[in-house]
Amino acid sequence: MTDVDIAIVGGGGAGLTAAIYASRARRSTVVFERKITGGQIATTDLVENFPGFPEGVNGFDLAQLFVRQAEKFGTQMVYEDVTSLEREPDGRFRLATGAGTFRARAVIVTAGADYNRLDVPGEAELTGRGVSWCATCDAAFFRDQDVAVVGGGDSALDEGLFVARYARKVTIIHRRDSLRASQILQERVRANPRFAFVWNTVVERINGTDQVESLDLRNVTTGERSSLPVSAIFIFIGQTPNNGLLRGLVETDPGGHALVDLDMRTNVPGLFVAGDLRAQAARQLIAASGDGSTAAIAAEHYLDQLGD
Amino acid sequence: MADVRELTDATFETDVVKSDLPVLVDFWAPWCGPCRMVAPIVGELSEEYAGKVNFFKMNTDENPQVPTKFGIRSIPTLLIFKGGDLKGTVVGFRPKGDLKKRIDEALA
């Protein structure tokens, strides 16, 4: 059993920023991260809208700077999963983790969200063999080949532009007839001759024996079916909040995001949620960082009031 | 001391196929974030399995042949060899505990 003041679950932008603030407030702080520090930005090649970097910055590199900064002030990083979160009668929290049980006086859950899957035949079987959710990981293997990107938001276009550096042709498949992405990305994509668009269309099936060979498509307005030969499909269709730990404890919105006030406080005293996991998040790194600092400051006030 | 040596298309035959000990190869590239996250874990594993498994890393940007031969289309990918045969494949980032399990399974 390890006792800490503040436990932070999730080492992405929100969690690491919260850790900087919590540890600078001289509270014993631990951040649990089960996969990759930085979360969604760890796989982003170039983050161009985080203030302070006019030339943009590699997502993984930026995340490592966050980690260094948090550790500098005393944050302990624990690279394990948190499997359960419970509130004890005395108001403290008990966390079951891959590194044993931890007890914390306050908890900030910054577990973010995971990429949505298409949930179509062929997707699971061909994951890692042409089916990908990470352009920076896999785009280079499809040099001079034809690939598809599914989605119409910032991620789809941003990552699509990265893929287009290698691919011969990038077909963007979107279920509506207009893109949601920010204007600047739409401009860049339209100006790039490697892009083709298939509107009002969904992917019904991913085909291939050892690797992706083609996609079965269906136009949702006409019902017409077609086939698109591609070597890879990059999927960027949104995210699902990682709210498993909050179940039975924290009130959430219909989409599963934690309901919080302006101080990132949930309905449970001492329990805060920040970043993509909270309701009405802007889903931007800078917003997640902002949330993280707010939550840490609020957690510090909470501990102050407890007289700890 | 972490001991993960560089493997190339040219040295694959000697270092992997003809190796007495089982071999783990970590396929990576400089622009791949998750690969950089896996690298220190592979380093730690190389210490823990010292004398039992040889650890190598291969830059897929610089070495086209071996990755193509094994159909690698996503990184990070770890391949585990024993007696020159491929015994295990791990695609994507996995935490250390998972990797240990996969290595032990492949070598059983």
# chains A, B, ... in the order shown; residues from 1 in each chain; ligands from 1
call {"tool": "residues_around", "arguments": {"residues": "Gln65 (chain B)", "least_positions_apart": "4", "cutoff": "12 Å", "atoms": "only C-alpha atoms", "output": "JSON, numbers by chain"}}
result
{"B": [7, 8, 9, 10, 11, 12, 13, 58, 59, 60, 61, 69, 70, 71, 72]}
call {"tool": "closest_atom_pairs", "arguments": {"of": "chain B", "to": "chain A", "cutoff": "8 Å", "atoms": "only C-alpha atoms", "output": "tab-separated table"}}
result
residue	atom	partner	partner_atom	distance
B:Trp31	CA	A:Thr136	CA	6.7
B:Cys32	CA	A:Cys137	CA	5.0
B:Gly33	CA	A:Phe60	CA	5.4
B:Pro34	CA	A:Thr43	CA	6.8
B:Met37	CA	A:Ile36	CA	6.5
B:Ile72	CA	A:Arg129	CA	7.5
B:Arg73	CA	A:Phe141	CA	5.5
B:Ser74	CA	A:Asp138	CA	4.8
B:Ile75	CA	A:Cys137	CA	5.6
B:Pro76	CA	A:Cys137	CA	7.4
B:Val91	CA	A:Gly128	CA	6.6
B:Gly92	CA	A:Gly128	CA	7.7
B:Phe93	CA	A:Lys35	CA	7.3
B:Arg94	CA	A:Lys35	CA	7.0
B:Pro95	CA	A:Lys35	CA	6.3
call {"tool": "write_last_selection", "arguments": {"atoms": "C-alpha atoms", "output": "PDB file, in the first residue's frame"}}
result
ATOM      1  CA  TRP B  31       9.626   9.486 -36.881  1.00  0.00           C
ATOM      2  CA  CYS B  32       7.601   6.869 -34.995  1.00  0.00           C
ATOM      3  CA  GLY B  33       6.607   8.017 -31.493  1.00  0.00           C
ATOM      4  CA  PRO B  34       5.465   4.665 -30.105  1.00  0.00           C
ATOM      5  CA  MET B  37       8.461   4.697 -26.208  1.00  0.00           C
ATOM      6  CA  ILE B  72       6.113  -5.644 -41.709  1.00  0.00           C
ATOM      7  CA  ARG B  73       3.626  -2.855 -42.387  1.00  0.00           C
ATOM      8  CA  SER B  74       3.358  -1.262 -38.999  1.00  0.00           C
ATOM      9  CA  ILE B  75       5.860  -0.231 -36.372  1.00  0.00           C
ATOM     10  CA  PRO B  76       6.893  -0.784 -33.717  1.00  0.00           C
ATOM     11  CA  VAL B  91       2.890  -5.445 -33.417  1.00  0.00           C
ATOM     12  CA  GLY B  92       2.346  -2.082 -31.756  1.00  0.00           C
ATOM     13  CA  PHE B  93       3.338  -0.676 -28.418  1.00  0.00           C
ATOM     14  CA  ARG B  94       2.926  -2.993 -25.433  1.00  0.00           C
ATOM     15  CA  PRO B  95       3.851  -2.360 -21.819  1.00  0.00           C
TER      16      PRO B  95
END
call {"tool": "select_by_dssp", "arguments": {"residues": "chain B", "states": "alpha helix (DSSP H)", "output": "ChimeraX atom specification"}}
result
/B:12,33-48,65-69,96-107
call {"tool": "residues_around", "arguments": {"residues": "Thr75 (chain A)", "least_positions_apart": "3", "cutoff": "12 Å", "atoms": "only C-alpha atoms", "output": "PyMOL selection string"}}
result
chain A and resi 4-8+11+15-32+66-72+78
call {"tool": "write_last_selection", "arguments": {"atoms": "C-alpha atoms", "output": "CSV table (one decimal), in the first residue's frame"}}
result
chain,number,residue,atom,x,y,z
A,4,VAL,CA,0.2,9.7,-2.0
A,5,ASP,CA,-1.4,13.1,-1.8
A,6,ILE,CA,-2.5,13.3,-5.5
A,7,ALA,CA,-2.9,10.4,-7.9
A,8,ILE,CA,-3.3,11.3,-11.6
A,11,GLY,CA,-0.2,10.7,-18.6
A,15,GLY,CA,-2.4,14.6,-16.6
A,16,LEU,CA,1.2,15.7,-17.1
A,17,THR,CA,0.3,19.4,-16.7
A,18,ALA,CA,-1.7,18.6,-13.6
A,19,ALA,CA,1.4,16.8,-12.3
A,20,ILE,CA,3.6,19.9,-12.9
A,21,TYR,CA,1.2,22.0,-10.8
A,22,ALA,CA,0.6,19.4,-8.1
A,23,SER,CA,4.2,18.7,-7.5
A,24,ARG,CA,5.1,22.3,-7.5
A,25,ALA,CA,2.5,22.7,-4.8
A,26,ARG,CA,4.7,20.2,-2.9
A,27,ARG,CA,2.1,17.5,-2.9
A,28,SER,CA,3.3,14.0,-3.4
A,29,THR,CA,2.2,13.3,-6.9
A,30,VAL,CA,2.1,10.1,-9.0
A,31,VAL,CA,1.0,9.8,-12.6
A,32,PHE,CA,-0.1,6.4,-13.9
A,66,PHE,CA,6.0,17.6,-20.3
A,67,VAL,CA,7.3,14.4,-18.5
A,68,ARG,CA,10.7,15.9,-17.8
A,69,GLN,CA,9.1,19.0,-16.4
A,70,ALA,CA,6.8,17.1,-14.2
A,71,GLU,CA,9.6,14.8,-12.9
A,72,LYS,CA,11.8,17.8,-12.3
A,78,VAL,CA,4.3,4.8,-12.9
call {"tool": "residues_around", "arguments": {"residues": "Gly84 (chain B)", "least_positions_apart": "2", "cutoff": "9 Å", "atoms": "only C-alpha atoms", "output": "PyMOL selection string"}}
result
chain B and resi 13+16-20+22-23+81-82+86
call {"tool": "residues_around", "arguments": {"residues": "Ile233 (chain A)", "least_positions_apart": "3", "cutoff": "9 Å", "atoms": "only C-alpha atoms", "output": "ChimeraX atom specification"}}
result
/A:130-133,147-150,206,212,215,230
call {"tool": "write_last_selection", "arguments": {"atoms": "N, CA and C atoms", "output": "PDB file, in the first residue's frame"}}
result
ATOM      1  N   GLY A 130      -2.122  -3.000 -42.696  1.00  0.00           N
ATOM      2  CA  GLY A 130      -2.809  -2.119 -43.621  1.00  0.00           C
ATOM      3  C   GLY A 130      -3.934  -1.366 -42.943  1.00  0.00           C
ATOM      4  N   VAL A 131      -4.458  -1.893 -41.858  1.00  0.00           N
ATOM      5  CA  VAL A 131      -5.478  -1.167 -41.086  1.00  0.00           C
ATOM      6  C   VAL A 131      -4.755  -0.452 -39.960  1.00  0.00           C
ATOM      7  N   SER A 132      -4.899   0.865 -39.917  1.00  0.00           N
ATOM      8  CA  SER A 132      -4.103   1.645 -38.968  1.00  0.00           C
ATOM      9  C   SER A 132      -4.865   2.832 -38.409  1.00  0.00           C
ATOM     10  N   TRP A 133      -4.477   3.201 -37.176  1.00  0.00           N
ATOM     11  CA  TRP A 133      -5.015   4.404 -36.561  1.00  0.00           C
ATOM     12  C   TRP A 133      -3.880   5.385 -36.285  1.00  0.00           C
ATOM     13  N   VAL A 147      -3.861   4.566 -50.869  1.00  0.00           N
ATOM     14  CA  VAL A 147      -4.408   4.307 -49.541  1.00  0.00           C
ATOM     15  C   VAL A 147      -5.702   5.074 -49.331  1.00  0.00           C
ATOM     16  N   ALA A 148      -6.401   4.713 -48.271  1.00  0.00           N
ATOM     17  CA  ALA A 148      -7.646   5.410 -47.933  1.00  0.00           C
ATOM     18  C   ALA A 148      -7.541   5.985 -46.531  1.00  0.00           C
ATOM     19  N   VAL A 149      -8.236   7.106 -46.330  1.00  0.00           N
ATOM     20  CA  VAL A 149      -8.364   7.694 -44.993  1.00  0.00           C
ATOM     21  C   VAL A 149      -9.852   7.836 -44.743  1.00  0.00           C
ATOM     22  N   VAL A 150     -10.319   7.344 -43.612  1.00  0.00           N
ATOM     23  CA  VAL A 150     -11.742   7.459 -43.296  1.00  0.00           C
ATOM     24  C   VAL A 150     -11.939   8.520 -42.240  1.00  0.00           C
ATOM     25  N   ILE A 206     -13.426  -4.629 -45.057  1.00  0.00           N
ATOM     26  CA  ILE A 206     -12.024  -4.474 -45.458  1.00  0.00           C
ATOM     27  C   ILE A 206     -11.551  -5.831 -45.950  1.00  0.00           C
ATOM     28  N   VAL A 212      -4.171  -5.600 -46.427  1.00  0.00           N
ATOM     29  CA  VAL A 212      -5.329  -4.928 -47.017  1.00  0.00           C
ATOM     30  C   VAL A 212      -5.179  -4.880 -48.532  1.00  0.00           C
ATOM     31  N   LEU A 215     -11.432  -2.173 -50.331  1.00  0.00           N
ATOM     32  CA  LEU A 215     -12.515  -1.851 -49.400  1.00  0.00           C
ATOM     33  C   LEU A 215     -13.843  -1.980 -50.121  1.00  0.00           C
ATOM     34  N   VAL A 230      -7.056  -0.567 -52.316  1.00  0.00           N
ATOM     35  CA  VAL A 230      -6.071   0.215 -51.560  1.00  0.00           C
ATOM     36  C   VAL A 230      -5.162  -0.743 -50.799  1.00  0.00           C
TER      37      VAL A 230
END
call {"tool": "atom_distance", "arguments": {"atom1": "CA of Glu123 (chain A)", "atom2": "CA of Glu204 (chain A)"}}
result
10.1 Å
call {"tool": "atom_distance", "arguments": {"atom1": "CA of Arg194 (chain A)", "atom2": "CA of Val170 (chain A)"}}
result
6.0 Å
call {"tool": "atom_distance", "arguments": {"atom1": "CA of Asn243 (chain A)", "atom2": "CA of Gly275 (chain A)"}}
result
12.1 Å
call {"tool": "residues_around", "arguments": {"residues": "region 88-91 of chain A", "least_positions_apart": "6", "cutoff": "10 Å", "atoms": "only C-alpha atoms", "output": "number ranges by chain"}}
result
A: 103-106, 268-271
call {"tool": "closest_residue", "arguments": {"among": "B:Ala106, B:Leu21, B:Pro30, B:Gly97", "to": "Leu79 (chain B)", "atoms": "only C-alpha atoms"}}
result
B:Ala106
call {"tool": "select_by_dssp", "arguments": {"residues": "region 71-209 of chain A", "states": "strand (DSSP E or B)", "output": "MDAnalysis selection string"}}
result
chainID A and resid 76:78 82:87 93:97 100:109 113:115 127 131:132 146:150 169:173 195:198 201:207
call {"tool": "closest_residue", "arguments": {"among": "A:Arg247, A:Arg225, A:His174, A:Arg265", "to": "Asp291 (chain A)", "atoms": "only C-alpha atoms"}}
result
A:Arg265
call {"tool": "closest_residue", "arguments": {"among": "A:Asp154, A:Asp276, A:Glu187, A:Glu159", "to": "Asp114 (chain A)", "atoms": "only C-alpha atoms"}}
result
A:Asp276
